[in-house]
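Listing of data01.cif, mmCIF, C-alpha atoms and all ligand atoms; chains and numbers go by the auth columns
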data_entry
loop_
_atom_site.group_PDB
_atom_site.id
_atom_site.type_symbol
_atom_site.label_atom_id
_atom_site.label_comp_id
_atom_site.label_asym_id
_atom_site.label_seq_id
_atom_site.Cartn_x
_atom_site.Cartn_y
_atom_site.Cartn_z
_atom_site.B_iso_or_equiv
_atom_site.auth_seq_id
_atom_site.auth_asym_id
ATOM 1 C CA MET A 1 -29.591 -154.359 -115.756 0.00 797 A
ATOM 2 C CA SER A 2 -32.586 -154.762 -118.008 0.00 798 A
ATOM 3 C CA THR A 3 -33.270 -158.215 -119.365 0.00 799 A
ATOM 4 C CA ARG A 4 -35.045 -156.919 -122.489 0.00 800 A
ATOM 5 C CA PRO A 5 -32.676 -157.808 -125.323 0.00 801 A
ATOM 6 C CA ASP A 6 -33.258 -154.540 -127.184 0.00 802 A
ATOM 7 C CA THR A 7 -32.154 -152.499 -124.190 0.00 803 A
ATOM 8 C CA PHE A 8 -28.717 -154.023 -123.660 0.00 804 A
ATOM 9 C CA ARG A 9 -26.051 -151.347 -123.896 0.00 805 A
ATOM 10 C CA THR A 10 -24.448 -151.533 -127.339 0.00 806 A
ATOM 11 C CA PHE A 11 -21.484 -149.202 -126.839 0.00 807 A
ATOM 12 C CA GLY A 12 -18.307 -149.406 -124.760 0.00 808 A
ATOM 13 C CA ARG A 13 -17.438 -146.121 -123.112 0.00 809 A
ATOM 14 C CA ALA A 14 -19.243 -142.826 -123.240 0.00 810 A
ATOM 15 C CA LYS A 15 -16.223 -140.799 -122.051 0.00 811 A
ATOM 16 C CA GLY A 16 -12.460 -141.033 -122.442 0.00 812 A
ATOM 17 C CA ARG A 17 -9.904 -138.477 -121.316 0.00 813 A
ATOM 18 C CA THR A 18 -11.136 -135.334 -119.625 0.00 814 A
ATOM 19 C CA LEU A 19 -11.770 -132.677 -122.254 0.00 815 A
ATOM 20 C CA THR A 20 -9.123 -129.969 -122.526 0.00 816 A
ATOM 21 C CA ALA A 21 -10.058 -126.436 -121.520 0.00 817 A
ATOM 22 C CA SER A 22 -10.195 -125.457 -125.172 0.00 818 A
ATOM 23 C CA GLN A 23 -12.501 -128.397 -126.039 0.00 819 A
ATOM 24 C CA GLU A 24 -14.710 -127.436 -123.075 0.00 820 A
ATOM 25 C CA ALA A 25 -14.869 -123.880 -124.381 0.00 821 A
ATOM 26 C CA VAL A 26 -15.787 -124.985 -127.923 0.00 822 A
ATOM 27 C CA MET A 27 -18.470 -127.300 -126.533 0.00 823 A
ATOM 28 C CA ALA A 28 -19.905 -124.588 -124.285 0.00 824 A
ATOM 29 C CA GLU A 29 -20.142 -122.168 -127.181 0.00 825 A
ATOM 30 C CA HIS A 30 -21.319 -124.413 -130.016 0.00 826 A
ATOM 31 C CA TRP A 31 -23.051 -127.489 -128.525 0.00 827 A
ATOM 32 C CA PRO A 32 -26.393 -125.726 -127.975 0.00 828 A
ATOM 33 C CA ARG A 33 -26.559 -124.864 -131.690 0.00 829 A
ATOM 34 C CA LEU A 34 -25.207 -128.161 -133.041 0.00 830 A
ATOM 35 C CA SER A 35 -27.014 -130.599 -130.794 0.00 831 A
ATOM 36 C CA ILE A 36 -30.422 -132.107 -131.483 0.00 832 A
ATOM 37 C CA ALA A 37 -32.619 -133.699 -128.835 0.00 833 A
ATOM 38 C CA PRO A 38 -35.105 -136.551 -129.262 0.00 834 A
ATOM 39 C CA GLY A 39 -38.457 -135.149 -130.385 0.00 835 A
ATOM 40 C CA GLU A 40 -37.045 -131.845 -131.647 0.00 836 A
ATOM 41 C CA PRO A 41 -38.233 -131.004 -135.183 0.00 837 A
ATOM 42 C CA LEU A 42 -35.852 -132.545 -137.702 0.00 838 A
ATOM 43 C CA PRO A 43 -33.965 -130.441 -140.258 0.00 839 A
ATOM 44 C CA PRO A 44 -35.601 -130.541 -143.712 0.00 840 A
ATOM 45 C CA ALA A 45 -34.921 -133.217 -146.351 0.00 841 A
ATOM 46 C CA PRO A 46 -32.665 -134.326 -147.822 0.00 842 A
ATOM 47 C CA LEU A 47 -31.741 -135.732 -144.436 0.00 843 A
ATOM 48 C CA TRP A 48 -29.154 -138.436 -143.724 0.00 844 A
ATOM 49 C CA LEU A 49 -28.158 -140.163 -140.487 0.00 845 A
ATOM 50 C CA GLU A 50 -24.835 -141.624 -139.350 0.00 846 A
ATOM 51 C CA ILE A 51 -25.051 -143.929 -136.340 0.00 847 A
ATOM 52 C CA GLY A 52 -21.937 -144.353 -134.151 0.00 848 A
ATOM 53 C CA TYR A 53 -19.613 -141.876 -135.868 0.00 849 A
ATOM 54 C CA GLY A 54 -16.803 -142.484 -133.334 0.00 850 A
ATOM 55 C CA MET A 55 -14.116 -139.819 -133.840 0.00 851 A
ATOM 56 C CA GLY A 56 -16.197 -138.388 -136.665 0.00 852 A
ATOM 57 C CA SER A 57 -14.076 -138.440 -139.829 0.00 853 A
ATOM 58 C CA HIS A 58 -16.913 -139.876 -141.936 0.00 854 A
ATOM 59 C CA VAL A 59 -19.729 -137.714 -140.573 0.00 855 A
ATOM 60 C CA LEU A 60 -17.622 -134.584 -141.158 0.00 856 A
ATOM 61 C CA HIS A 61 -16.849 -135.843 -144.664 0.00 857 A
ATOM 62 C CA LEU A 62 -20.580 -136.302 -145.355 0.00 858 A
ATOM 63 C CA ALA A 63 -21.421 -132.780 -144.183 0.00 859 A
ATOM 64 C CA ARG A 64 -18.500 -131.257 -146.107 0.00 860 A
ATOM 65 C CA SER A 65 -19.092 -133.125 -149.346 0.00 861 A
ATOM 66 C CA HIS A 66 -22.921 -132.747 -149.362 0.00 862 A
ATOM 67 C CA PRO A 67 -23.498 -129.135 -148.351 0.00 863 A
ATOM 68 C CA ASP A 68 -27.140 -129.221 -149.540 0.00 864 A
ATOM 69 C CA THR A 69 -27.992 -132.267 -147.434 0.00 865 A
ATOM 70 C CA ASN A 70 -28.741 -132.131 -143.721 0.00 866 A
ATOM 71 C CA ILE A 71 -26.769 -134.659 -141.711 0.00 867 A
ATOM 72 C CA ILE A 72 -27.460 -135.965 -138.230 0.00 868 A
ATOM 73 C CA GLY A 73 -24.758 -137.859 -136.340 0.00 869 A
ATOM 74 C CA ALA A 74 -25.596 -139.978 -133.296 0.00 870 A
ATOM 75 C CA GLU A 75 -22.862 -141.060 -130.889 0.00 871 A
ATOM 76 C CA PRO A 76 -22.614 -141.423 -127.104 0.00 872 A
ATOM 77 C CA PHE A 77 -18.809 -140.926 -126.894 0.00 873 A
ATOM 78 C CA LEU A 78 -18.094 -137.439 -125.539 0.00 874 A
ATOM 79 C CA ASN A 79 -14.544 -137.147 -126.858 0.00 875 A
ATOM 80 C CA GLY A 80 -15.612 -137.981 -130.420 0.00 876 A
ATOM 81 C CA THR A 81 -18.488 -135.537 -130.073 0.00 877 A
ATOM 82 C CA ALA A 82 -16.117 -132.770 -128.954 0.00 878 A
ATOM 83 C CA LYS A 83 -13.866 -133.511 -131.942 0.00 879 A
ATOM 84 C CA VAL A 84 -16.769 -133.257 -134.395 0.00 880 A
ATOM 85 C CA VAL A 85 -18.037 -130.054 -132.785 0.00 881 A
ATOM 86 C CA ARG A 86 -14.575 -128.529 -133.231 0.00 882 A
ATOM 87 C CA GLY A 87 -14.307 -129.794 -136.842 0.00 883 A
ATOM 88 C CA ALA A 88 -17.769 -128.518 -137.779 0.00 884 A
ATOM 89 C CA THR A 89 -17.045 -125.139 -136.227 0.00 885 A
ATOM 90 C CA ASP A 90 -13.582 -124.760 -137.772 0.00 886 A
ATOM 91 C CA GLU A 91 -14.979 -125.646 -141.206 0.00 887 A
ATOM 92 C CA GLY A 92 -18.135 -123.581 -140.795 0.00 888 A
ATOM 93 C CA LEU A 93 -20.418 -126.543 -141.550 0.00 889 A
ATOM 94 C CA SER A 94 -24.022 -125.472 -141.099 0.00 890 A
ATOM 95 C CA ASN A 95 -25.712 -128.722 -142.214 0.00 891 A
ATOM 96 C CA LEU A 96 -24.655 -130.973 -139.317 0.00 892 A
ATOM 97 C CA ARG A 97 -26.526 -131.703 -136.061 0.00 893 A
ATOM 98 C CA LEU A 98 -25.458 -134.144 -133.365 0.00 894 A
ATOM 99 C CA PHE A 99 -27.308 -136.335 -130.914 0.00 895 A
ATOM 100 C CA ARG A 100 -25.179 -137.497 -127.991 0.00 896 A
ATOM 101 C CA GLY A 101 -26.438 -140.795 -126.650 0.00 897 A
ATOM 102 C CA ASP A 102 -27.944 -144.108 -127.677 0.00 898 A
ATOM 103 C CA VAL A 103 -29.418 -143.677 -131.164 0.00 899 A
ATOM 104 C CA ARG A 104 -32.343 -145.927 -130.208 0.00 900 A
ATOM 105 C CA ASN A 105 -33.580 -143.208 -127.828 0.00 901 A
ATOM 106 C CA PHE A 106 -33.354 -140.654 -130.625 0.00 902 A
ATOM 107 C CA LEU A 107 -35.045 -142.837 -133.260 0.00 903 A
ATOM 108 C CA ALA A 108 -37.966 -143.592 -130.953 0.00 904 A
ATOM 109 C CA GLU A 109 -39.104 -139.974 -131.465 0.00 905 A
ATOM 110 C CA VAL A 110 -38.373 -139.742 -135.199 0.00 906 A
ATOM 111 C CA PRO A 111 -41.361 -139.678 -137.609 0.00 907 A
ATOM 112 C CA ASP A 112 -41.719 -142.440 -140.217 0.00 908 A
ATOM 113 C CA ALA A 113 -39.825 -142.086 -143.513 0.00 909 A
ATOM 114 C CA SER A 114 -37.482 -139.317 -142.341 0.00 910 A
ATOM 115 C CA PHE A 115 -34.083 -140.347 -143.721 0.00 911 A
ATOM 116 C CA GLY A 116 -32.858 -140.788 -147.284 0.00 912 A
ATOM 117 C CA ARG A 117 -29.628 -142.461 -146.181 0.00 913 A
ATOM 118 C CA ILE A 118 -28.393 -144.149 -143.030 0.00 914 A
ATOM 119 C CA TYR A 119 -24.793 -145.161 -142.302 0.00 915 A
ATOM 120 C CA ILE A 120 -23.746 -147.722 -139.679 0.00 916 A
ATOM 121 C CA LEU A 121 -19.996 -148.004 -140.048 0.00 917 A
ATOM 122 C CA PHE A 122 -18.141 -150.583 -137.980 0.00 918 A
ATOM 123 C CA PRO A 123 -20.574 -150.894 -135.072 0.00 919 A
ATOM 124 C CA ASP A 124 -18.966 -152.301 -131.908 0.00 920 A
ATOM 125 C CA PRO A 125 -18.262 -155.935 -132.796 0.00 921 A
ATOM 126 C CA TRP A 126 -18.867 -157.523 -129.369 0.00 922 A
ATOM 127 C CA PRO A 127 -17.042 -160.669 -130.570 0.00 923 A
ATOM 128 C CA LYS A 128 -17.380 -162.836 -127.446 0.00 924 A
ATOM 129 C CA ALA A 129 -20.455 -165.074 -127.674 0.00 925 A
ATOM 130 C CA ARG A 130 -21.739 -163.890 -124.296 0.00 926 A
ATOM 131 C CA HIS A 131 -21.562 -160.289 -125.557 0.00 927 A
ATOM 132 C CA ASN A 132 -23.222 -160.864 -128.947 0.00 928 A
ATOM 133 C CA LYS A 133 -26.501 -159.679 -127.420 0.00 929 A
ATOM 134 C CA ARG A 134 -25.002 -156.177 -127.223 0.00 930 A
ATOM 135 C CA ARG A 135 -24.694 -155.904 -130.989 0.00 931 A
ATOM 136 C CA LEU A 136 -26.571 -152.945 -132.403 0.00 932 A
ATOM 137 C CA ILE A 137 -27.864 -154.885 -135.404 0.00 933 A
ATOM 138 C CA ARG A 138 -30.845 -156.794 -134.088 0.00 934 A
ATOM 139 C CA THR A 139 -34.187 -157.579 -135.674 0.00 935 A
ATOM 140 C CA ALA A 140 -36.039 -154.914 -133.649 0.00 936 A
ATOM 141 C CA PHE A 141 -33.446 -152.322 -134.595 0.00 937 A
ATOM 142 C CA ILE A 142 -33.641 -153.216 -138.307 0.00 938 A
ATOM 143 C CA HIS A 143 -37.394 -152.807 -138.041 0.00 939 A
ATOM 144 C CA GLU A 144 -36.933 -149.353 -136.519 0.00 940 A
ATOM 145 C CA LEU A 145 -34.481 -148.436 -139.312 0.00 941 A
ATOM 146 C CA SER A 146 -37.026 -149.510 -141.932 0.00 942 A
ATOM 147 C CA ARG A 147 -39.650 -147.320 -140.251 0.00 943 A
ATOM 148 C CA VAL A 148 -37.549 -144.137 -140.253 0.00 944 A
ATOM 149 C CA MET A 149 -36.080 -144.715 -143.736 0.00 945 A
ATOM 150 C CA LYS A 150 -37.766 -143.316 -146.830 0.00 946 A
ATOM 151 C CA GLN A 151 -38.831 -145.815 -149.495 0.00 947 A
ATOM 152 C CA GLY A 152 -35.871 -146.242 -151.837 0.00 948 A
ATOM 153 C CA GLY A 153 -33.503 -144.882 -149.149 0.00 949 A
ATOM 154 C CA ARG A 154 -30.033 -146.404 -148.868 0.00 950 A
ATOM 155 C CA LEU A 155 -28.464 -148.001 -145.817 0.00 951 A
ATOM 156 C CA THR A 156 -24.695 -148.587 -145.652 0.00 952 A
ATOM 157 C CA PHE A 157 -23.386 -151.111 -143.141 0.00 953 A
ATOM 158 C CA ALA A 158 -19.692 -151.903 -142.660 0.00 954 A
ATOM 159 C CA SER A 159 -17.900 -154.438 -140.513 0.00 955 A
ATOM 160 C CA ASP A 160 -14.535 -156.169 -140.378 0.00 956 A
ATOM 161 C CA ILE A 161 -15.780 -159.104 -138.292 0.00 957 A
ATOM 162 C CA PRO A 162 -16.973 -162.038 -140.449 0.00 958 A
ATOM 163 C CA HIS A 163 -19.175 -163.371 -137.654 0.00 959 A
ATOM 164 C CA TYR A 164 -20.885 -159.970 -137.335 0.00 960 A
ATOM 165 C CA VAL A 165 -21.293 -159.760 -141.123 0.00 961 A
ATOM 166 C CA ASP A 166 -23.047 -163.164 -141.146 0.00 962 A
ATOM 167 C CA TRP A 167 -25.087 -162.159 -138.087 0.00 963 A
ATOM 168 C CA ALA A 168 -26.212 -158.907 -139.689 0.00 964 A
ATOM 169 C CA LEU A 169 -26.964 -160.313 -143.158 0.00 965 A
ATOM 170 C CA THR A 170 -29.005 -163.149 -141.628 0.00 966 A
ATOM 171 C CA ARG A 171 -31.094 -160.611 -139.722 0.00 967 A
ATOM 172 C CA PHE A 172 -31.546 -158.237 -142.682 0.00 968 A
ATOM 173 C CA ARG A 173 -32.691 -161.181 -144.847 0.00 969 A
ATOM 174 C CA SER A 174 -35.084 -162.528 -142.264 0.00 970 A
ATOM 175 C CA HIS A 175 -36.535 -159.039 -141.673 0.00 971 A
ATOM 176 C CA GLN A 176 -37.028 -158.675 -145.423 0.00 972 A
ATOM 177 C CA ARG A 177 -38.792 -162.071 -145.585 0.00 973 A
ATOM 178 C CA ASN A 178 -41.061 -161.199 -142.667 0.00 974 A
ATOM 179 C CA HIS A 179 -41.915 -157.675 -143.863 0.00 975 A
ATOM 180 C CA PRO A 180 -42.529 -157.997 -147.588 0.00 976 A
ATOM 181 C CA GLY A 181 -42.259 -154.615 -149.285 0.00 977 A
ATOM 182 C CA ALA A 182 -40.808 -152.888 -146.209 0.00 978 A
ATOM 183 C CA GLY A 183 -37.457 -154.627 -145.841 0.00 979 A
ATOM 184 C CA PHE A 184 -33.920 -153.849 -146.966 0.00 980 A
ATOM 185 C CA ALA A 185 -32.858 -155.398 -150.281 0.00 981 A
ATOM 186 C CA MET A 186 -29.104 -155.908 -150.531 0.00 982 A
ATOM 187 C CA SER A 187 -27.522 -154.243 -153.568 0.00 983 A
ATOM 188 C CA GLU A 188 -25.212 -156.283 -155.794 0.00 984 A
ATOM 189 C CA ARG A 189 -21.701 -154.934 -155.222 0.00 985 A
ATOM 190 C CA ASP A 190 -18.249 -156.143 -154.219 0.00 986 A
ATOM 191 C CA PRO A 191 -18.314 -155.882 -150.409 0.00 987 A
ATOM 192 C CA LYS A 192 -14.540 -155.464 -150.275 0.00 988 A
ATOM 193 C CA GLN A 193 -14.778 -152.189 -152.222 0.00 989 A
ATOM 194 C CA PRO A 194 -15.531 -149.128 -150.102 0.00 990 A
ATOM 195 C CA PRO A 195 -18.311 -146.821 -151.309 0.00 991 A
ATOM 196 C CA ASP A 196 -17.308 -144.031 -153.752 0.00 992 A
ATOM 197 C CA GLY A 197 -15.394 -141.192 -152.136 0.00 993 A
ATOM 198 C CA TRP A 198 -14.812 -143.219 -148.963 0.00 994 A
ATOM 199 C CA PRO A 199 -12.670 -141.084 -146.610 0.00 995 A
ATOM 200 C CA GLY A 200 -11.656 -143.898 -144.243 0.00 996 A
ATOM 201 C CA THR A 201 -12.445 -144.063 -140.527 0.00 997 A
ATOM 202 C CA LYS A 202 -10.304 -144.469 -137.442 0.00 998 A
ATOM 203 C CA TYR A 203 -11.734 -147.897 -136.675 0.00 999 A
ATOM 204 C CA GLU A 204 -11.249 -149.093 -140.259 0.00 1000 A
ATOM 205 C CA ALA A 205 -7.555 -148.073 -140.145 0.00 1001 A
ATOM 206 C CA LYS A 206 -7.099 -150.033 -136.910 0.00 1002 A
ATOM 207 C CA ALA A 207 -8.819 -153.084 -138.392 0.00 1003 A
ATOM 208 C CA ARG A 208 -6.474 -153.004 -141.388 0.00 1004 A
ATOM 209 C CA ARG A 209 -3.388 -152.558 -139.152 0.00 1005 A
ATOM 210 C CA GLU A 210 -4.500 -155.616 -137.219 0.00 1006 A
ATOM 211 C CA GLY A 211 -4.881 -157.637 -140.440 0.00 1007 A
ATOM 212 C CA ARG A 212 -8.678 -157.681 -140.731 0.00 1008 A
ATOM 213 C CA THR A 213 -10.569 -157.020 -143.967 0.00 1009 A
ATOM 214 C CA PRO A 214 -13.346 -154.429 -143.955 0.00 1010 A
ATOM 215 C CA TYR A 215 -16.602 -155.179 -145.796 0.00 1011 A
ATOM 216 C CA TRP A 216 -19.259 -152.708 -146.879 0.00 1012 A
ATOM 217 C CA PHE A 217 -22.866 -153.589 -147.735 0.00 1013 A
ATOM 218 C CA GLU A 218 -25.546 -151.381 -149.205 0.00 1014 A
ATOM 219 C CA PHE A 219 -29.260 -151.984 -148.866 0.00 1015 A
ATOM 220 C CA VAL A 220 -32.212 -150.243 -150.465 0.00 1016 A
ATOM 221 C CA ARG A 221 -35.385 -149.766 -148.453 0.00 1017 A
ATOM 222 C CA GLU A 222 -38.151 -151.466 -150.400 0.00 1018 A
ATOM 223 C CA GLY A 223 -41.558 -149.991 -150.915 0.00 1019 A
HETATM 224 C C1 LIG B . -16.218 -149.528 -133.288 0.00 1101 A
HETATM 225 S S1 LIG B . -16.730 -147.852 -133.174 0.00 1101 A
HETATM 226 C C2 LIG B . -16.631 -147.277 -134.855 0.00 1101 A
HETATM 227 C C3 LIG B . -16.636 -145.779 -134.930 0.00 1101 A
HETATM 228 C C4 LIG B . -16.618 -145.185 -136.348 0.00 1101 A
HETATM 229 N N1 LIG B . -17.838 -145.502 -137.081 0.00 1101 A
HETATM 230 C C5 LIG B . -15.405 -145.644 -137.116 0.00 1101 A
HETATM 231 O O1 LIG B . -15.578 -146.406 -138.092 0.00 1101 A
HETATM 232 O O2 LIG B . -14.281 -145.245 -136.742 0.00 1101 A
HETATM 233 C C6 LIG B . -18.483 -148.011 -132.924 0.00 1101 A
HETATM 234 C C7 LIG B . -19.121 -146.711 -132.461 0.00 1101 A
HETATM 235 O O3 LIG B . -20.521 -146.888 -132.349 0.00 1101 A
HETATM 236 C C8 LIG B . -20.963 -146.188 -131.207 0.00 1101 A
HETATM 237 N N2 LIG B . -22.238 -146.769 -130.764 0.00 1101 A
HETATM 238 C C9 LIG B . -22.436 -147.991 -130.224 0.00 1101 A
HETATM 239 N N3 LIG B . -23.712 -148.163 -129.872 0.00 1101 A
HETATM 240 C C10 LIG B . -24.359 -147.009 -130.231 0.00 1101 A
HETATM 241 C C11 LIG B . -25.695 -146.576 -130.117 0.00 1101 A
HETATM 242 N N4 LIG B . -26.630 -147.359 -129.547 0.00 1101 A
HETATM 243 N N5 LIG B . -26.009 -145.335 -130.571 0.00 1101 A
HETATM 244 C C12 LIG B . -25.067 -144.548 -131.132 0.00 1101 A
HETATM 245 N N6 LIG B . -23.770 -144.916 -131.259 0.00 1101 A
HETATM 246 C C13 LIG B . -23.420 -146.125 -130.808 0.00 1101 A
HETATM 247 C C14 LIG B . -19.838 -146.373 -130.193 0.00 1101 A
HETATM 248 O O4 LIG B . -19.848 -145.412 -129.145 0.00 1101 A
HETATM 249 C C15 LIG B . -18.618 -146.266 -131.084 0.00 1101 A
HETATM 250 O O5 LIG B . -18.126 -144.958 -131.179 0.00 1101 A
#
Would you put the structure from the file into structure tokens?
Ligand SMILES: C[S@@+](CC[C@H](N)C(=O)[O-])C[C@H]1O[C@@H](n2cnc3c(N)ncnc32)[C@H](O)[C@@H]1O
Amino acid sequence: MSTRPDTFRTFGRAKGRTLTASQEAVMAEHWPRLSIAPGEPLPPAPLWLEIGYGMGSHVLHLARSHPDTNIIGAEPFLNGTAKVVRGATDEGLSNLRLFRGDVRNFLAEVPDASFGRIYILFPDPWPKARHNKRRLIRTAFIHELSRVMKQGGRLTFASDIPHYVDWALTRFRSHQRNHPGAGFAMSERDPKQPPDGWPGTKYEAKARREGRTPYWFEFVREG
């Protein structure tokens, strides 16, 4: 395993149950059209990115409710990917592309100032201290987000784990201090209120069932 902190694996599993024959068929037919590879030309602006869409309810909601915006979803989990491919196909969504894998590999090939919005909704919490290093929100990653985000672009981050919230806010603030004019300024809002039109996500529902409170934060890319 690599010892570079920014290369620790940040996700749990990349595959669950074997895909059904019908999921396999949908993937075989539609994946080539829906997928996007690192370095491929990006769809035109307005362009938004959702990182770690899980089973995909929010990324499908974004594509459905913003038909004139191009949406990219990045997620390593095959079963979630297959679900989104089926949803996008059933609904005839033509503004959604998917990268399957670690978003850091995708972002490495993305030109500066590409995205108007980025969503990171309930990233894996890695609550044990010895696993904290696997958290997606790290200083180097925030720096990469600030590079690919347009000036004035909006980043939404959600978590239900107070320790992760503190961890993330500390890193966003310190990045902002160290990169004047190119950081993320936190917007004033009630973090317990979901963003307008929030459709809910599978992970959020589980967090609530288990008695945890979700928090949402919005940041504006300075510049
Ligand atoms: C706790 S789940 C939340 C899923 C979804 N956002 C929701 O709210 O239901 C976190 C998701 O982030 C994905 N993830 C973790 N690290 C990632 C990475 N480096 N690139 C892309 N996705 C990642 C995981 O595979 C997982 O599906």
query: How many Å lie between atom CA of A:Gly852 and atom C6 of ligand LIG 1101 (chain A), rounded to one decimal?
result: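 These two atoms are separated by 10.6 Å.
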message: Hey, which residues sit close to ligand LIG 1101 (chain A)? Say within 8 Å, counting only C-alpha atoms and all ligand atoms, and write them as a count of residues only.
response: 37
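Our summary of the geometry notes that atom CA of A:Asn974 is positioned 12.4 Å from atom CA of A:Ser942.
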The PyMOL selection byres (((chain A and resi 832) around 8) and not hetatm) - which residues does that actually catch in the file I just gave you? List them as a PDB file with C-alpha atoms, in the frame of the given file.
ATOM      1  CA  LEU A 830     -25.207-128.161-133.041  1.00  0.00           C
ATOM      2  CA  SER A 831     -27.014-130.599-130.794  1.00  0.00           C
ATOM      3  CA  ALA A 833     -32.619-133.699-128.835  1.00  0.00           C
ATOM      4  CA  PRO A 834     -35.105-136.551-129.262  1.00  0.00           C
ATOM      5  CA  GLU A 836     -37.045-131.845-131.647  1.00  0.00           C
ATOM      6  CA  ARG A 893     -26.526-131.703-136.061  1.00  0.00           C
ATOM      7  CA  LEU A 894     -25.458-134.144-133.365  1.00  0.00           C
ATOM      8  CA  PHE A 895     -27.308-136.335-130.914  1.00  0.00           C
TER       9      PHE A 895
END
Once the PyMOL selection byres (((chain A and resi 938) around 12) and not hetatm) is applied to the coordinates I shared, what remains selected? I want it as a tab-separated table (two decimals) with C-alpha atoms, in the frame of the given file.
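That gives us expr30.tsv:
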chain	number	residue	atom	x	y	z
A	802	ASP	CA	-33.26	-154.54	-127.18
A	900	ARG	CA	-32.34	-145.93	-130.21
A	903	LEU	CA	-35.04	-142.84	-133.26
A	914	ILE	CA	-28.39	-144.15	-143.03
A	916	ILE	CA	-23.75	-147.72	-139.68
A	931	ARG	CA	-24.69	-155.90	-130.99
A	932	LEU	CA	-26.57	-152.94	-132.40
A	933	ILE	CA	-27.86	-154.88	-135.40
A	934	ARG	CA	-30.84	-156.79	-134.09
A	935	THR	CA	-34.19	-157.58	-135.67
A	936	ALA	CA	-36.04	-154.91	-133.65
A	937	PHE	CA	-33.45	-152.32	-134.60
A	939	HIS	CA	-37.39	-152.81	-138.04
A	940	GLU	CA	-36.93	-149.35	-136.52
A	941	LEU	CA	-34.48	-148.44	-139.31
A	942	SER	CA	-37.03	-149.51	-141.93
A	943	ARG	CA	-39.65	-147.32	-140.25
A	944	VAL	CA	-37.55	-144.14	-140.25
A	945	MET	CA	-36.08	-144.72	-143.74
A	951	LEU	CA	-28.46	-148.00	-145.82
A	953	PHE	CA	-23.39	-151.11	-143.14
A	964	ALA	CA	-26.21	-158.91	-139.69
A	965	LEU	CA	-26.96	-160.31	-143.16
A	966	THR	CA	-29.00	-163.15	-141.63
A	967	ARG	CA	-31.09	-160.61	-139.72
A	968	PHE	CA	-31.55	-158.24	-142.68
A	969	ARG	CA	-32.69	-161.18	-144.85
A	970	SER	CA	-35.08	-162.53	-142.26
A	971	HIS	CA	-36.53	-159.04	-141.67
A	972	GLN	CA	-37.03	-158.68	-145.42
A	974	ASN	CA	-41.06	-161.20	-142.67
A	975	HIS	CA	-41.92	-157.68	-143.86
A	978	ALA	CA	-40.81	-152.89	-146.21
A	979	GLY	CA	-37.46	-154.63	-145.84
A	980	PHE	CA	-33.92	-153.85	-146.97
A	1015	PHE	CA	-29.26	-151.98	-148.87
A	1017	ARG	CA	-35.38	-149.77	-148.45
task: Name the residues in contact with A:Val961 at a cut-off of 9 Å, using only C-alpha atoms, excluding same-chain residues fewer than 6 positions from it; report them as an NGL selection string.
output: :A and (954-955 or 1011)
field: Answer key for the PyMOL selection byres (((chain A and resi 1019) around 6) and not hetatm), residues as a PyMOL selection string
entry: chain A and resi 947+977-978+1018
message: Between atom CA of A:Met823 and atom CA of A:Ile868, what distance in Å does the model show, to one decimal?
response: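 Atom-to-atom, atom CA of A:Met823 and atom CA of A:Ile868 are spaced 17.1 Å apart.
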- request: Do a neighbour search on stretch 839-841 of chain A at 10 Å with all atoms listed in the file, toss out local chain neighbours closer than 2 positions, and write the hits as number ranges by chain.
  value: A: 832, 836-837, 843-844, 864-868, 891-893, 910-912
With 4 Å of padding per side, what axis-aligned box (centre and edge lengths, Å, one decimal) covers all the listed atoms of stretch 848-852 of chain A? Give it as AutoDock Vina command-line options.
--center_x -18.0 --center_y -141.4 --center_z -135.0 --size_x 15.8 --size_y 14.0 --size_z 11.3
query: Which residue out of A:Ala824, A:Val1016, A:Leu845, A:Ala1001 has the minimum interatomic distance to A:Phe902 when only C-alpha atoms are used?
result: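 Among the listed residues, the smallest separation from A:Phe902 belongs to A:Leu845.
With all atoms listed in the file as the atoms that count, the residue of A:Tyr960, A:Trp827, A:Trp1012, A:Phe804 with the shortest distance to A:Val881 is A:Trp827.
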Can you tell me which residues surround A:Ala884 at a distance of at most 10 Å, considering all atoms listed in the file, apart from same-chain residues fewer than 2 positions away, and format the answer as a compact mmCIF listing (two decimals) with C-alpha atoms, in the frame of the given file?
# COMPACT_ATOMS: atom_id res chain seq x y z
CA HIS A 826 -21.32 -124.41 -130.02
CA LEU A 830 -25.21 -128.16 -133.04
CA VAL A 855 -19.73 -137.71 -140.57
CA LEU A 856 -17.62 -134.58 -141.16
CA ALA A 859 -21.42 -132.78 -144.18
CA ARG A 860 -18.50 -131.26 -146.11
CA ALA A 878 -16.12 -132.77 -128.95
CA LYS A 879 -13.87 -133.51 -131.94
CA VAL A 880 -16.77 -133.26 -134.40
CA VAL A 881 -18.04 -130.05 -132.78
CA ARG A 882 -14.58 -128.53 -133.23
CA ASP A 886 -13.58 -124.76 -137.77
CA GLU A 887 -14.98 -125.65 -141.21
CA GLY A 888 -18.14 -123.58 -140.79
CA LEU A 889 -20.42 -126.54 -141.55
CA SER A 890 -24.02 -125.47 -141.10
CA ASN A 891 -25.71 -128.72 -142.21
CA LEU A 892 -24.66 -130.97 -139.32
CA ARG A 893 -26.53 -131.70 -136.06
